[in-house]
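Pasted below: coords-v3.txt, compact mmCIF, C-alpha atoms and all ligand atoms.
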# COMPACT_ATOMS: atom_id res chain seq x y z
CA SER V 1 159.80 98.77 141.04
CA LEU V 2 163.19 97.81 139.67
CA LEU V 3 161.82 97.75 136.12
CA LYS V 4 162.54 100.95 134.20
CA ARG V 5 160.38 101.80 131.22
CA VAL V 6 162.50 103.36 128.47
CA THR V 7 161.39 105.66 125.67
CA LEU V 8 164.07 105.35 122.99
CA LEU V 9 164.04 108.18 120.45
CA GLY V 10 166.23 107.42 117.44
CA SER V 11 166.14 103.66 118.01
CA THR V 12 167.38 102.78 114.51
CA GLY V 13 170.69 104.65 114.80
CA SER V 14 174.10 103.74 116.15
CA ILE V 15 173.26 104.68 119.75
CA GLY V 16 169.67 103.43 119.40
CA THR V 17 170.58 99.92 118.28
CA GLN V 18 173.31 99.64 120.93
CA ALA V 19 170.81 100.78 123.55
CA LEU V 20 168.49 97.97 122.45
CA ASP V 21 171.40 95.52 122.85
CA VAL V 22 171.80 96.76 126.43
CA ILE V 23 168.04 96.46 127.07
CA ARG V 24 167.96 92.96 125.55
CA ALA V 25 170.75 91.88 127.92
CA HIS V 26 168.75 93.14 130.94
CA THR V 27 165.14 92.28 130.19
CA GLY V 28 164.34 92.04 133.90
CA ARG V 29 165.43 95.65 134.39
CA PHE V 30 164.37 97.53 131.30
CA GLN V 31 161.23 97.54 129.23
CA VAL V 32 160.73 99.51 126.01
CA ALA V 33 157.84 101.99 126.21
CA ALA V 34 158.30 103.73 122.86
CA LEU V 35 160.60 103.69 119.83
CA SER V 36 161.18 106.16 117.00
CA ALA V 37 162.95 106.36 113.67
CA HIS V 38 163.20 109.01 111.01
CA SER V 39 162.84 106.95 107.82
CA ASN V 40 164.18 103.42 108.46
CA ALA V 41 160.74 101.77 108.54
CA ASP V 42 162.03 98.20 108.14
CA LEU V 43 164.26 98.32 111.20
CA LEU V 44 161.64 100.16 113.26
CA ILE V 45 159.11 97.44 112.40
CA ALA V 46 161.53 94.65 113.37
CA GLN V 47 162.35 96.42 116.65
CA ALA V 48 158.65 96.93 117.43
CA ARG V 49 157.93 93.23 116.83
CA GLU V 50 160.73 92.23 119.16
CA PHE V 51 160.23 94.74 122.00
CA ARG V 52 156.43 95.30 121.73
CA PRO V 53 156.40 98.98 122.81
CA ALA V 54 153.11 100.80 123.46
CA VAL V 55 153.85 103.24 120.64
CA VAL V 56 156.27 103.88 117.76
CA VAL V 57 156.83 107.06 115.77
CA ILE V 58 158.10 107.17 112.21
CA GLY V 59 159.33 110.68 111.44
CA ASP V 60 158.75 110.49 107.71
CA GLU V 61 154.97 110.67 107.24
CA ARG V 62 155.17 108.94 103.83
CA GLN V 63 156.15 105.73 105.64
CA TYR V 64 153.20 105.76 108.03
CA GLU V 65 151.05 103.29 106.06
CA THR V 66 153.96 100.84 105.69
CA VAL V 67 154.63 100.78 109.43
CA LYS V 68 150.94 100.75 110.35
CA THR V 69 150.22 97.80 108.04
CA ALA V 70 153.27 95.83 109.19
CA LEU V 71 152.32 96.24 112.85
CA ALA V 72 148.60 95.42 112.45
CA GLY V 73 147.67 92.94 115.17
CA GLN V 74 150.59 94.07 117.35
CA PRO V 75 149.98 95.86 120.68
CA THR V 76 151.73 98.94 119.27
CA GLU V 77 150.16 102.25 118.33
CA VAL V 78 151.75 103.85 115.24
CA LEU V 79 152.21 107.61 114.81
CA ALA V 80 154.11 109.75 112.30
CA GLY V 81 155.76 113.15 112.04
CA PRO V 82 157.80 115.47 114.25
CA ALA V 83 154.82 116.67 116.33
CA ALA V 84 154.01 113.05 117.24
CA LEU V 85 157.61 112.56 118.38
CA THR V 86 157.27 115.47 120.80
CA GLU V 87 153.88 114.20 122.00
CA VAL V 88 155.24 110.69 122.64
CA ALA V 89 158.33 112.04 124.43
CA GLY V 90 156.00 113.61 127.02
CA ARG V 91 153.75 110.59 127.63
CA PRO V 92 153.23 109.43 131.20
CA ASP V 93 153.83 105.66 130.89
CA THR V 94 157.61 105.77 130.88
CA ASP V 95 160.43 106.45 133.34
CA ILE V 96 163.37 107.58 131.24
CA VAL V 97 163.73 109.04 127.76
CA LEU V 98 166.91 108.20 125.87
CA THR V 99 167.44 110.91 123.25
CA ALA V 100 169.41 109.19 120.49
CA MET V 101 168.15 111.15 117.50
CA VAL V 102 170.61 113.32 115.62
CA GLY V 103 170.89 117.10 115.61
CA TYR V 104 168.44 119.87 116.35
CA SER V 105 165.51 117.42 116.03
CA GLY V 106 166.13 116.52 119.69
CA LEU V 107 165.23 119.92 121.12
CA LEU V 108 161.42 119.92 121.27
CA PRO V 109 161.01 116.24 122.27
CA THR V 110 163.58 116.70 125.07
CA VAL V 111 161.78 119.79 126.35
CA ALA V 112 158.47 117.85 126.31
CA ALA V 113 160.01 114.92 128.21
CA ILE V 114 161.46 117.18 130.92
CA ARG V 115 158.18 119.07 131.29
CA ALA V 116 156.47 115.70 131.78
CA GLY V 117 158.89 114.94 134.63
CA LYS V 118 160.87 112.22 132.84
CA ASP V 119 164.52 111.51 133.48
CA ILE V 120 166.69 112.07 130.41
CA ALA V 121 169.52 109.86 129.20
CA LEU V 122 171.07 112.35 126.83
CA ALA V 123 172.93 111.17 123.76
CA ASN V 124 171.63 114.00 121.59
CA LYS V 125 174.29 116.55 122.58
CA GLU V 126 173.02 119.09 120.04
CA THR V 127 170.05 119.81 122.33
CA LEU V 128 172.35 121.07 125.10
CA VAL V 129 174.45 122.98 122.60
CA VAL V 130 171.42 124.73 121.12
CA ALA V 131 169.59 125.52 124.37
CA GLY V 132 171.72 124.50 127.35
CA GLN V 133 170.60 127.41 129.48
CA LEU V 134 166.91 126.65 128.94
CA ILE V 135 167.29 122.87 129.27
CA THR V 136 169.25 123.01 132.53
CA ARG V 137 166.72 125.47 133.98
CA LEU V 138 163.83 123.12 133.04
CA VAL V 139 165.71 120.14 134.49
CA LYS V 140 165.98 121.99 137.83
CA GLU V 141 162.38 123.21 137.79
CA HIS V 142 161.00 119.74 137.14
CA GLY V 143 163.46 117.89 139.36
CA VAL V 144 164.40 115.32 136.71
CA GLY V 145 167.71 113.51 136.25
CA LEU V 146 169.92 114.37 133.27
CA TYR V 147 172.33 111.50 132.63
CA PRO V 148 174.96 111.86 129.90
CA VAL V 149 175.47 109.12 127.33
CA ASP V 150 178.34 110.83 125.51
CA SER V 151 181.41 108.85 126.61
CA GLU V 152 183.46 111.86 127.76
CA HIS V 153 180.58 113.26 129.80
CA SER V 154 179.73 109.86 131.20
CA ALA V 155 183.36 109.61 132.31
CA ILE V 156 183.13 112.94 134.13
CA PHE V 157 179.73 112.06 135.57
CA GLN V 158 181.17 108.78 136.91
CA CYS V 159 184.17 110.61 138.43
CA LEU V 160 181.81 113.02 140.22
CA VAL V 161 179.83 110.33 142.06
CA GLY V 162 180.55 110.85 145.76
CA GLU V 163 182.11 114.27 145.10
CA GLU V 164 178.88 116.26 145.40
CA ARG V 165 180.34 118.61 147.99
CA ASN V 166 183.66 119.16 146.23
CA PRO V 167 183.99 121.99 143.72
CA ILE V 168 185.46 121.16 140.33
CA GLU V 169 188.60 123.09 139.44
CA LYS V 170 188.44 122.05 135.81
CA ILE V 171 187.60 119.20 133.48
CA ILE V 172 189.71 117.81 130.67
CA LEU V 173 187.86 116.37 127.71
CA THR V 174 189.86 113.86 125.72
CA ALA V 175 189.63 113.82 121.93
CA SER V 176 190.81 111.09 119.59
CA GLY V 177 191.84 113.71 117.02
CA GLY V 178 189.88 111.83 114.37
CA PRO V 179 191.11 110.38 111.08
CA PHE V 180 192.91 113.61 110.05
CA ARG V 181 195.02 114.19 113.16
CA GLY V 182 198.39 115.63 112.10
CA ARG V 183 197.22 116.81 108.66
CA THR V 184 197.91 120.32 107.41
CA ALA V 185 195.19 122.67 106.16
CA GLU V 186 196.55 122.17 102.65
CA GLN V 187 196.06 118.41 102.94
CA LEU V 188 192.60 118.84 104.47
CA ALA V 189 191.36 120.94 101.58
CA SER V 190 191.03 117.89 99.35
CA VAL V 191 189.93 115.12 101.74
CA THR V 192 186.88 113.16 100.62
CA LYS V 193 183.79 112.20 102.54
CA ALA V 194 184.81 108.53 102.34
CA GLN V 195 188.05 109.40 104.16
CA ALA V 196 186.19 111.54 106.70
CA LEU V 197 183.68 108.77 107.38
CA LYS V 198 186.42 106.36 108.56
CA HIS V 199 186.88 107.02 112.26
CA PRO V 200 189.87 105.25 113.87
CA ASN V 201 188.19 104.23 117.16
CA TRP V 202 184.40 104.55 116.98
CA ASP V 203 181.66 103.31 114.65
CA MET V 204 178.99 106.03 114.73
CA GLY V 205 176.32 107.77 112.66
CA ALA V 206 177.45 109.86 109.66
CA LYS V 207 176.89 113.29 111.20
CA ILE V 208 178.91 112.73 114.37
CA THR V 209 181.62 110.95 112.35
CA ILE V 210 182.13 114.05 110.20
CA ASP V 211 182.00 116.21 113.34
CA SER V 212 184.74 114.04 114.85
CA ALA V 213 186.93 114.47 111.77
CA SER V 214 186.49 118.27 111.83
CA LEU V 215 186.79 118.54 115.66
CA MET V 216 183.33 120.15 115.74
CA ASN V 217 182.29 117.16 117.82
CA LYS V 218 184.76 118.19 120.52
CA GLY V 219 183.55 121.79 120.27
CA LEU V 220 179.94 120.65 120.76
CA GLU V 221 181.09 118.50 123.69
CA VAL V 222 182.78 121.48 125.35
CA ILE V 223 179.45 123.35 125.32
CA GLU V 224 177.60 120.19 126.39
CA ALA V 225 179.99 119.85 129.37
CA LYS V 226 179.53 123.48 130.40
CA TRP V 227 175.79 122.93 130.89
CA LEU V 228 175.89 119.39 132.25
CA PHE V 229 178.38 120.22 134.98
CA GLY V 230 177.65 123.93 135.56
CA LEU V 231 181.14 125.10 134.54
CA THR V 232 182.53 128.47 133.58
CA ASN V 233 184.06 128.86 130.12
CA ASP V 234 187.58 128.73 131.55
CA GLN V 235 187.09 125.45 133.39
CA ILE V 236 187.10 123.30 130.25
CA ASP V 237 190.24 121.97 128.57
CA VAL V 238 190.68 119.63 125.61
CA VAL V 239 193.58 117.22 125.12
CA VAL V 240 194.10 114.89 122.16
CA HIS V 241 194.48 111.27 123.25
CA PRO V 242 194.50 109.13 120.10
CA GLN V 243 193.93 105.76 121.82
CA SER V 244 190.54 106.81 123.32
CA ILE V 245 191.13 104.82 126.51
CA ILE V 246 190.95 107.66 129.03
CA HIS V 247 187.45 108.95 128.37
CA SER V 248 187.94 112.27 130.23
CA LEU V 249 189.15 113.69 133.55
CA VAL V 250 188.09 115.91 136.43
CA GLN V 251 190.51 118.02 138.47
CA PHE V 252 189.48 119.02 142.00
CA GLN V 253 190.67 121.99 144.06
CA ASP V 254 193.33 119.91 145.84
CA GLY V 255 194.88 119.21 142.41
CA SER V 256 193.77 115.58 142.31
CA LEU V 257 192.72 114.25 138.92
CA LYS V 258 190.14 111.50 138.48
CA ALA V 259 189.66 109.74 135.17
CA GLN V 260 187.46 106.98 133.82
CA LEU V 261 189.06 104.41 131.52
CA GLY V 262 187.90 101.64 129.28
CA LEU V 263 187.86 100.36 125.73
CA PRO V 264 185.95 102.60 123.32
CA ASP V 265 182.48 101.03 123.49
CA MET V 266 179.33 103.16 123.71
CA LYS V 267 177.35 100.37 125.35
CA LEU V 268 179.04 101.08 128.66
CA PRO V 269 177.98 104.75 128.94
CA ILE V 270 174.53 103.88 127.55
CA GLN V 271 174.08 101.19 130.20
CA TYR V 272 175.40 103.47 132.94
CA ALA V 273 172.95 106.24 131.98
CA LEU V 274 169.99 103.84 131.85
CA GLY V 275 170.95 101.97 135.00
CA TYR V 276 172.15 104.90 137.13
CA PRO V 277 172.82 104.87 140.04
CA GLU V 278 173.49 101.17 139.62
CA ARG V 279 176.34 99.53 137.72
CA LEU V 280 174.76 96.54 136.02
CA PRO V 281 176.90 93.56 135.05
CA SER V 282 178.14 93.34 131.46
CA ASP V 283 180.05 91.06 129.14
CA PHE V 284 181.64 94.01 127.29
CA PRO V 285 185.29 93.30 126.38
CA ARG V 286 187.63 94.20 129.24
CA PHE V 287 190.52 96.64 128.92
CA SER V 288 194.07 95.43 129.46
CA PHE V 289 196.98 97.85 129.94
CA LEU V 290 199.29 95.36 128.28
CA ASP V 291 197.38 95.80 124.99
CA TYR V 292 198.04 99.57 125.26
CA PRO V 293 201.62 100.05 126.45
CA GLN V 294 201.49 103.66 125.19
CA LEU V 295 198.79 106.12 126.09
CA THR V 296 199.75 109.44 124.47
CA PHE V 297 198.58 113.05 124.71
CA GLU V 298 199.00 116.17 122.58
CA GLN V 299 197.54 119.63 122.00
CA PRO V 300 194.69 119.91 119.51
CA ASP V 301 195.72 121.79 116.36
CA ARG V 302 193.37 124.74 116.74
CA ALA V 303 194.77 126.68 113.79
CA THR V 304 194.03 123.85 111.35
CA PHE V 305 190.80 122.52 112.90
CA ARG V 306 189.04 125.86 113.24
CA ASN V 307 185.74 124.41 114.46
CA LEU V 308 187.21 123.92 117.93
CA PRO V 309 188.06 127.60 118.58
CA LEU V 310 184.80 128.62 116.86
CA ALA V 311 182.83 126.52 119.35
CA PHE V 312 184.73 128.05 122.28
CA GLU V 313 183.98 131.49 120.83
CA ALA V 314 180.25 130.71 120.48
CA MET V 315 180.22 129.42 124.07
CA ARG V 316 181.82 132.65 125.29
CA GLN V 317 179.25 134.73 123.37
CA GLY V 318 176.46 132.64 124.88
CA GLY V 319 172.83 133.51 124.11
CA ASN V 320 171.81 132.09 120.73
CA ALA V 321 175.40 131.88 119.39
CA PRO V 322 175.78 128.12 120.08
CA CYS V 323 172.40 127.57 118.39
CA VAL V 324 173.74 129.39 115.31
CA LEU V 325 176.96 127.35 115.46
CA ASN V 326 174.97 124.11 115.60
CA ALA V 327 172.54 124.91 112.79
CA ALA V 328 175.31 126.21 110.50
CA ASN V 329 177.30 123.07 111.20
CA GLU V 330 174.34 120.78 110.44
CA ILE V 331 173.92 122.46 107.04
CA ALA V 332 177.69 122.36 106.45
CA VAL V 333 177.95 118.64 107.27
CA ALA V 334 174.96 117.79 105.07
CA ALA V 335 176.49 119.81 102.19
CA PHE V 336 179.87 118.12 102.67
CA LEU V 337 178.16 114.70 102.63
CA ARG V 338 176.51 115.67 99.31
CA ASP V 339 179.91 116.72 97.90
CA GLU V 340 178.70 120.31 97.57
CA ILE V 341 181.42 121.87 99.72
CA GLY V 342 184.94 120.92 100.75
CA PHE V 343 186.12 119.93 104.21
CA LEU V 344 187.59 123.34 105.04
CA GLN V 345 184.50 125.16 103.86
CA MET V 346 182.60 123.70 106.80
CA PRO V 347 184.27 125.93 109.42
CA SER V 348 184.10 128.90 107.03
CA LEU V 349 180.35 128.47 106.75
CA VAL V 350 179.99 128.25 110.52
CA GLU V 351 182.09 131.37 111.00
CA SER V 352 180.09 133.38 108.45
CA CYS V 353 176.79 132.37 110.04
CA LEU V 354 178.04 133.43 113.48
CA THR V 355 178.65 136.94 112.13
CA LYS V 356 175.51 137.14 109.94
CA VAL V 357 172.71 135.88 112.22
CA SER V 358 171.59 138.45 114.78
CA TYR V 359 172.61 137.88 118.37
CA LEU V 360 170.12 137.34 121.20
CA ALA V 361 171.42 137.35 124.77
CA GLU V 362 168.44 135.72 126.52
CA PRO V 363 166.63 133.53 123.99
CA SER V 364 163.28 131.91 124.74
CA LEU V 365 162.40 128.48 123.35
CA ASP V 366 160.69 130.23 120.46
CA ASP V 367 163.82 132.34 119.84
CA TYR V 368 165.88 129.15 119.54
CA VAL V 369 163.42 127.77 117.01
CA GLN V 370 163.62 131.04 115.03
CA THR V 371 167.41 131.21 115.26
CA ASP V 372 167.72 127.66 113.97
CA GLN V 373 165.48 128.40 110.98
CA GLU V 374 167.16 131.72 110.22
CA THR V 375 170.64 130.18 110.38
CA ARG V 376 169.62 127.34 108.07
CA ARG V 377 168.35 129.90 105.57
CA VAL V 378 171.58 131.89 105.72
CA ALA V 379 173.74 128.75 105.55
CA HIS V 380 171.84 127.35 102.54
CA GLU V 381 172.34 130.64 100.73
CA LEU V 382 176.07 130.55 101.45
CA VAL V 383 176.34 126.93 100.26
CA GLY V 384 174.60 127.94 97.04
CA ARG V 385 177.21 130.64 96.45
CA LEU V 386 180.23 128.39 97.11
P1 LIG E 1 172.58 107.91 113.71
O1 LIG E 1 172.59 108.74 112.50
O2 LIG E 1 173.22 106.57 113.68
O3 LIG E 1 171.06 107.70 114.19
C1 LIG E 1 170.19 108.78 114.32
C2 LIG E 1 168.81 108.32 114.76
O4 LIG E 1 167.93 109.44 114.76
C3 LIG E 1 168.19 107.30 113.84
O5 LIG E 1 167.27 106.51 114.58
C4 LIG E 1 167.45 108.17 112.84
O6 LIG E 1 166.38 107.50 112.19
C5 LIG E 1 166.93 109.26 113.76
N1 LIG E 1 166.74 110.55 113.09
C6 LIG E 1 167.48 111.06 112.06
N2 LIG E 1 167.01 112.26 111.70
C7 LIG E 1 165.97 112.53 112.51
C8 LIG E 1 165.05 113.61 112.60
N3 LIG E 1 165.13 114.69 111.81
N4 LIG E 1 164.09 113.54 113.55
C9 LIG E 1 164.00 112.48 114.36
N5 LIG E 1 164.82 111.42 114.33
C10 LIG E 1 165.81 111.45 113.40
O7 LIG E 1 173.20 108.79 114.88
P2 LIG E 1 174.01 108.32 116.17
O8 LIG E 1 173.32 107.20 116.84
O9 LIG E 1 175.44 108.17 115.82
O10 LIG E 1 173.92 109.62 117.07
C11 LIG E 1 172.74 109.98 117.76
C12 LIG E 1 173.06 111.10 118.76
O11 LIG E 1 173.97 110.58 119.72
C13 LIG E 1 173.77 112.31 118.12
O12 LIG E 1 173.33 113.47 118.76
C14 LIG E 1 175.23 112.06 118.41
O13 LIG E 1 175.96 113.25 118.50
C15 LIG E 1 175.14 111.36 119.76
N6 LIG E 1 176.30 110.52 120.07
C16 LIG E 1 176.55 109.42 119.30
C17 LIG E 1 177.64 108.60 119.55
C18 LIG E 1 177.88 107.35 118.75
O14 LIG E 1 178.78 106.57 119.09
N7 LIG E 1 177.16 107.09 117.68
C19 LIG E 1 178.58 108.91 120.64
C20 LIG E 1 178.20 110.05 121.42
C21 LIG E 1 177.10 110.83 121.13
P3 LIG E 1 166.68 106.73 110.77
O15 LIG E 1 167.55 105.56 111.11
O16 LIG E 1 165.32 106.33 110.33
O17 LIG E 1 167.34 107.73 109.88
MG MG E 2 181.87 111.93 122.76

Hey, can you dump this file as structure tokens for me?
Amino acid sequence: SLLKRVTLLGSTGSIGTQALDVIRAHTGRFQVAALSAHSNADLLIAQAREFRPAVVVIGDERQYETVKTALAGQPTEVLAGPAALTEVAGRPDTDIVLTAMVGYSGLLPTVAAIRAGKDIALANKETLVVAGQLITRLVKEHGVGLYPVDSEHSAIFQCLVGEERNPIEKIILTASGGPFRGRTAEQLASVTKAQALKHPNWDMGAKITIDSASLMNKGLEVIEAKWLFGLTNDQIDVVVHPQSIIHSLVQFQDGSLKAQLGLPDMKLPIQYALGYPERLPSDFPRFSFLDYPQLTFEQPDRATFRNLPLAFEAMRQGGNAPCVLNAANEIAVAAFLRDEIGFLQMPSLVESCLTKVSYLAEPSLDDYVQTDQETRRVAHELVGRL
């Protein structure tokens, strides 16, 4: 049938609510099978009343009664807690699982969805950073589709349609540079979280907004791209493009470059991932070159924004190093958002964790879980000492 049933994990977030806008605009094509939130019970309840999914999961168990009571008489089962999220991700009555939760919390539900043979629309890039080797192996074993939602990766994915037989020479990920592009390390030392939370081009959740300001987001995207497109470490370049119109590029072995362009609007890559291989109609604002007479490009400042070279280094090390990088960064961002550490202490924390947590070359799923926990312990200790 043409109707796709969508499990939307992280439905109350920036990506989640935009995904529901896309689904609402195409009710003949998409139907919501399941929704989940971490603690925003009110929005989850409103979404469940509108979309009438078979099941919802509230991550925070203390909110279970609230959600259960509010949805009494609705056709929706209510569950709570992280184990329920993983169980729901692997349920049979759905076609595609959109992973729009933030951080490491995506790993186990994504694994469960793949093992259940579901296609994945992947917004939760941290899952591929943490366990790209394992996830891509499972995707192959179970023959499921893995469709990127991240705008850069969607751009590359779109450029590769019809090019299945043509090897990639390299890809170029574009980066906006974030709100602190051009600043010196001295200036960065004293930036506040309010300044870091103001992204010039995109309105996103807090964690990815801080990652964009520190260039960790681009570092995570480099690792995400490696696994999505089966690239070697040397096939990935980053260029700063402050207007965020060219969403990324692919270079083929004849030297030809293909790019995907558009206004910065996550609904387009969300809709492409959900609708693939079809391009569904949209009323998203159209791009006009005349509004952007200057598209500019520059090198990222790797000496000042140390997260970018740290991510490349973790990618080169492989094994559990990207998992360490991710967990250390999650603790660092949370500490920065609580005003416990400064902006430049985030990369320092990541770097220390990469040297302190023991290296594993061929981690199992359980090893990733252990590495994540161990890194969080080490990172918390370091935050306490700063
Ligand atoms: P938000 O913070 O806006 O939303 C996160 C969602 O996940 C919310 O539904 C939240 O629930 C839920 N959530 C939070 N913590 C947990 C947890 N521990 N377990 C389960 N669910 C949880 O994030 P974004 O929408 O901005 O980002 C989501 C993912 O998409 C990230 O991986 C991000 O990197 C990626 N992405 C986002 C882009 C964007 O434009 N926003 C662009 C490209 C990628 P609650 O609301 O109850 O807290
Ligand atoms: Mg992106």

Contacts with ligand LIG 1 (chain E) at most 6 Å, all atoms listed in the file counted, listed as a list in words: Gly10, Ser11, Thr12, Gly13, Ser14, Ile15, Gly16, Ala37, His38, Ser39, Asn40, Gly59, Ala100, Met101, Val102, Gly103, Ser105, Ala123, Asn124, Lys125, Glu126, Asp150, Met204, Gly205, Ala206, Ile208 and Met266 of chain V

Selection near segment 167-170 of chain V, 10 Å with only C-alpha atoms, sequence-local residues under 6 positions removed, as a PyMOL selection string: chain V and resi 160+229-237+249-257

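For the pair atom CA of Asp60 of chain V and atom CA of Pro363 of chain V, the interatomic distance is 29.3 Å.
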
Selection: 8 Å around Leu122 of chain V, all atoms listed in the file, excl. self and same-chain fewer than 6 positions, as number ranges by chain: V: 98-100, 146-150

What residues have any atom no more than 8 Å from ligand MG 2 (chain E) when counting only C-alpha atoms and all ligand atoms, and can you list them as an mmCIF file with C-alpha atoms, in the frame of the given file?
data_model
loop_
_atom_site.group_PDB
_atom_site.id
_atom_site.type_symbol
_atom_site.label_atom_id
_atom_site.label_comp_id
_atom_site.auth_asym_id
_atom_site.auth_seq_id
_atom_site.Cartn_x
_atom_site.Cartn_y
_atom_site.Cartn_z
ATOM 1 C CA ASP V 150 178.340 110.830 125.510
ATOM 2 C CA SER V 151 181.410 108.850 126.610
ATOM 3 C CA GLU V 152 183.460 111.860 127.760
ATOM 4 C CA HIS V 153 180.580 113.260 129.800
ATOM 5 C CA ASN V 217 182.290 117.160 117.820
ATOM 6 C CA LYS V 218 184.760 118.190 120.520
ATOM 7 C CA GLU V 221 181.090 118.500 123.690
#

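Closest approach to His241 of chain V from the set V:Val161, V:Val97, V:Ala175, V:Val139 is made by V:Ala175, with distances taken over only C-alpha atoms.
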
Among listed residues V:Gln271, V:Ser364, V:Asn166, V:Ser176, nearest Phe297 of chain V (using all atoms listed in the file):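 Closest candidate: V:Ser176.
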
Exercise: segment 330-340 of chain V partners within 9 Å, only C-alpha atoms, chain neighbours under 6 positions left out, as an MDAnalysis selection string: chainID V and resid 103:104 192:193 206:207 210:211 346:347 349:350 376 379:380 383:384 386

Print the selection's residues with C-alpha atoms to a file, as a compact mmCIF listing (two decimals), in the coordinates of the input.
# COMPACT_ATOMS: atom_id res chain seq x y z
CA GLY V 103 170.89 117.10 115.61
CA TYR V 104 168.44 119.87 116.35
CA THR V 192 186.88 113.16 100.62
CA LYS V 193 183.79 112.20 102.54
CA ALA V 206 177.45 109.86 109.66
CA LYS V 207 176.89 113.29 111.20
CA ILE V 210 182.13 114.05 110.20
CA ASP V 211 182.00 116.21 113.34
CA MET V 346 182.60 123.70 106.80
CA PRO V 347 184.27 125.93 109.42
CA LEU V 349 180.35 128.47 106.75
CA VAL V 350 179.99 128.25 110.52
CA ARG V 376 169.62 127.34 108.07
CA ALA V 379 173.74 128.75 105.55
CA HIS V 380 171.84 127.35 102.54
CA VAL V 383 176.34 126.93 100.26
CA GLY V 384 174.60 127.94 97.04
CA LEU V 386 180.23 128.39 97.11

Long-range neighbours of segment 272-282 of chain V as a PyMOL selection string, 10 Å cut-off, all atoms listed in the file, 2 positions minimum in chain: chain V and resi 2+4-6+19+22-23+25-26+29-30+96-98+119-123+145-150+154+157-158+161+267-270+284-286

Keeping only C-alpha atoms, write the selected residues as an mmCIF file, in the frame of the given file.
data_model
loop_
_atom_site.group_PDB
_atom_site.id
_atom_site.type_symbol
_atom_site.label_atom_id
_atom_site.label_comp_id
_atom_site.auth_asym_id
_atom_site.auth_seq_id
_atom_site.Cartn_x
_atom_site.Cartn_y
_atom_site.Cartn_z
ATOM 1 C CA LEU V 2 163.190 97.810 139.670
ATOM 2 C CA LYS V 4 162.540 100.950 134.200
ATOM 3 C CA ARG V 5 160.380 101.800 131.220
ATOM 4 C CA VAL V 6 162.500 103.360 128.470
ATOM 5 C CA ALA V 19 170.810 100.780 123.550
ATOM 6 C CA VAL V 22 171.800 96.760 126.430
ATOM 7 C CA ILE V 23 168.040 96.460 127.070
ATOM 8 C CA ALA V 25 170.750 91.880 127.920
ATOM 9 C CA HIS V 26 168.750 93.140 130.940
ATOM 10 C CA ARG V 29 165.430 95.650 134.390
ATOM 11 C CA PHE V 30 164.370 97.530 131.300
ATOM 12 C CA ILE V 96 163.370 107.580 131.240
ATOM 13 C CA VAL V 97 163.730 109.040 127.760
ATOM 14 C CA LEU V 98 166.910 108.200 125.870
ATOM 15 C CA ASP V 119 164.520 111.510 133.480
ATOM 16 C CA ILE V 120 166.690 112.070 130.410
ATOM 17 C CA ALA V 121 169.520 109.860 129.200
ATOM 18 C CA LEU V 122 171.070 112.350 126.830
ATOM 19 C CA ALA V 123 172.930 111.170 123.760
ATOM 20 C CA GLY V 145 167.710 113.510 136.250
ATOM 21 C CA LEU V 146 169.920 114.370 133.270
ATOM 22 C CA TYR V 147 172.330 111.500 132.630
ATOM 23 C CA PRO V 148 174.960 111.860 129.900
ATOM 24 C CA VAL V 149 175.470 109.120 127.330
ATOM 25 C CA ASP V 150 178.340 110.830 125.510
ATOM 26 C CA SER V 154 179.730 109.860 131.200
ATOM 27 C CA PHE V 157 179.730 112.060 135.570
ATOM 28 C CA GLN V 158 181.170 108.780 136.910
ATOM 29 C CA VAL V 161 179.830 110.330 142.060
ATOM 30 C CA LYS V 267 177.350 100.370 125.350
ATOM 31 C CA LEU V 268 179.040 101.080 128.660
ATOM 32 C CA PRO V 269 177.980 104.750 128.940
ATOM 33 C CA ILE V 270 174.530 103.880 127.550
ATOM 34 C CA PHE V 284 181.640 94.010 127.290
ATOM 35 C CA PRO V 285 185.290 93.300 126.380
ATOM 36 C CA ARG V 286 187.630 94.200 129.240
#

Atom pair atom CA of Gly117 of chain V / atom CA of Leu134 of chain V: separation (Å):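 Calculated distance between atom CA of Gly117 of chain V and atom CA of Leu134 of chain V is 15.3 Å.
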
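Those residues that approach Asp291 of chain V to within 12 Å, counting only C-alpha atoms, are Gln243, Ile245, Gly262 and Leu263 of chain V; same-chain residues fewer than 6 positions away are not listed.
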
Only C-alpha atoms, please: segment 73-90 of chain V from the block, as a PDB file, in the first residue's frame.
ATOM      1  CA  GLY V  73     -10.749   6.408  26.340  1.00  0.00           C
ATOM      2  CA  GLN V  74      -8.289   6.950  23.475  1.00  0.00           C
ATOM      3  CA  PRO V  75      -7.189   4.044  21.254  1.00  0.00           C
ATOM      4  CA  THR V  76      -3.609   4.527  22.483  1.00  0.00           C
ATOM      5  CA  GLU V  77      -1.631   2.248  24.763  1.00  0.00           C
ATOM      6  CA  VAL V  78       0.647   4.146  27.180  1.00  0.00           C
ATOM      7  CA  LEU V  79       4.076   2.891  28.267  1.00  0.00           C
ATOM      8  CA  ALA V  80       6.964   4.470  30.177  1.00  0.00           C
ATOM      9  CA  GLY V  81      10.730   4.174  30.530  1.00  0.00           C
ATOM     10  CA  PRO V  82      13.722   3.491  28.289  1.00  0.00           C
ATOM     11  CA  ALA V  83      13.087  -0.272  28.009  1.00  0.00           C
ATOM     12  CA  ALA V  84       9.572   0.429  26.694  1.00  0.00           C
ATOM     13  CA  LEU V  85      11.059   2.751  24.061  1.00  0.00           C
ATOM     14  CA  THR V  86      13.274  -0.063  22.789  1.00  0.00           C
ATOM     15  CA  GLU V  87      10.353  -2.518  22.854  1.00  0.00           C
ATOM     16  CA  VAL V  88       8.101  -0.149  20.877  1.00  0.00           C
ATOM     17  CA  ALA V  89      10.849   0.597  18.337  1.00  0.00           C
ATOM     18  CA  GLY V  90      10.868  -3.105  17.431  1.00  0.00           C
TER      19      GLY V  90
END
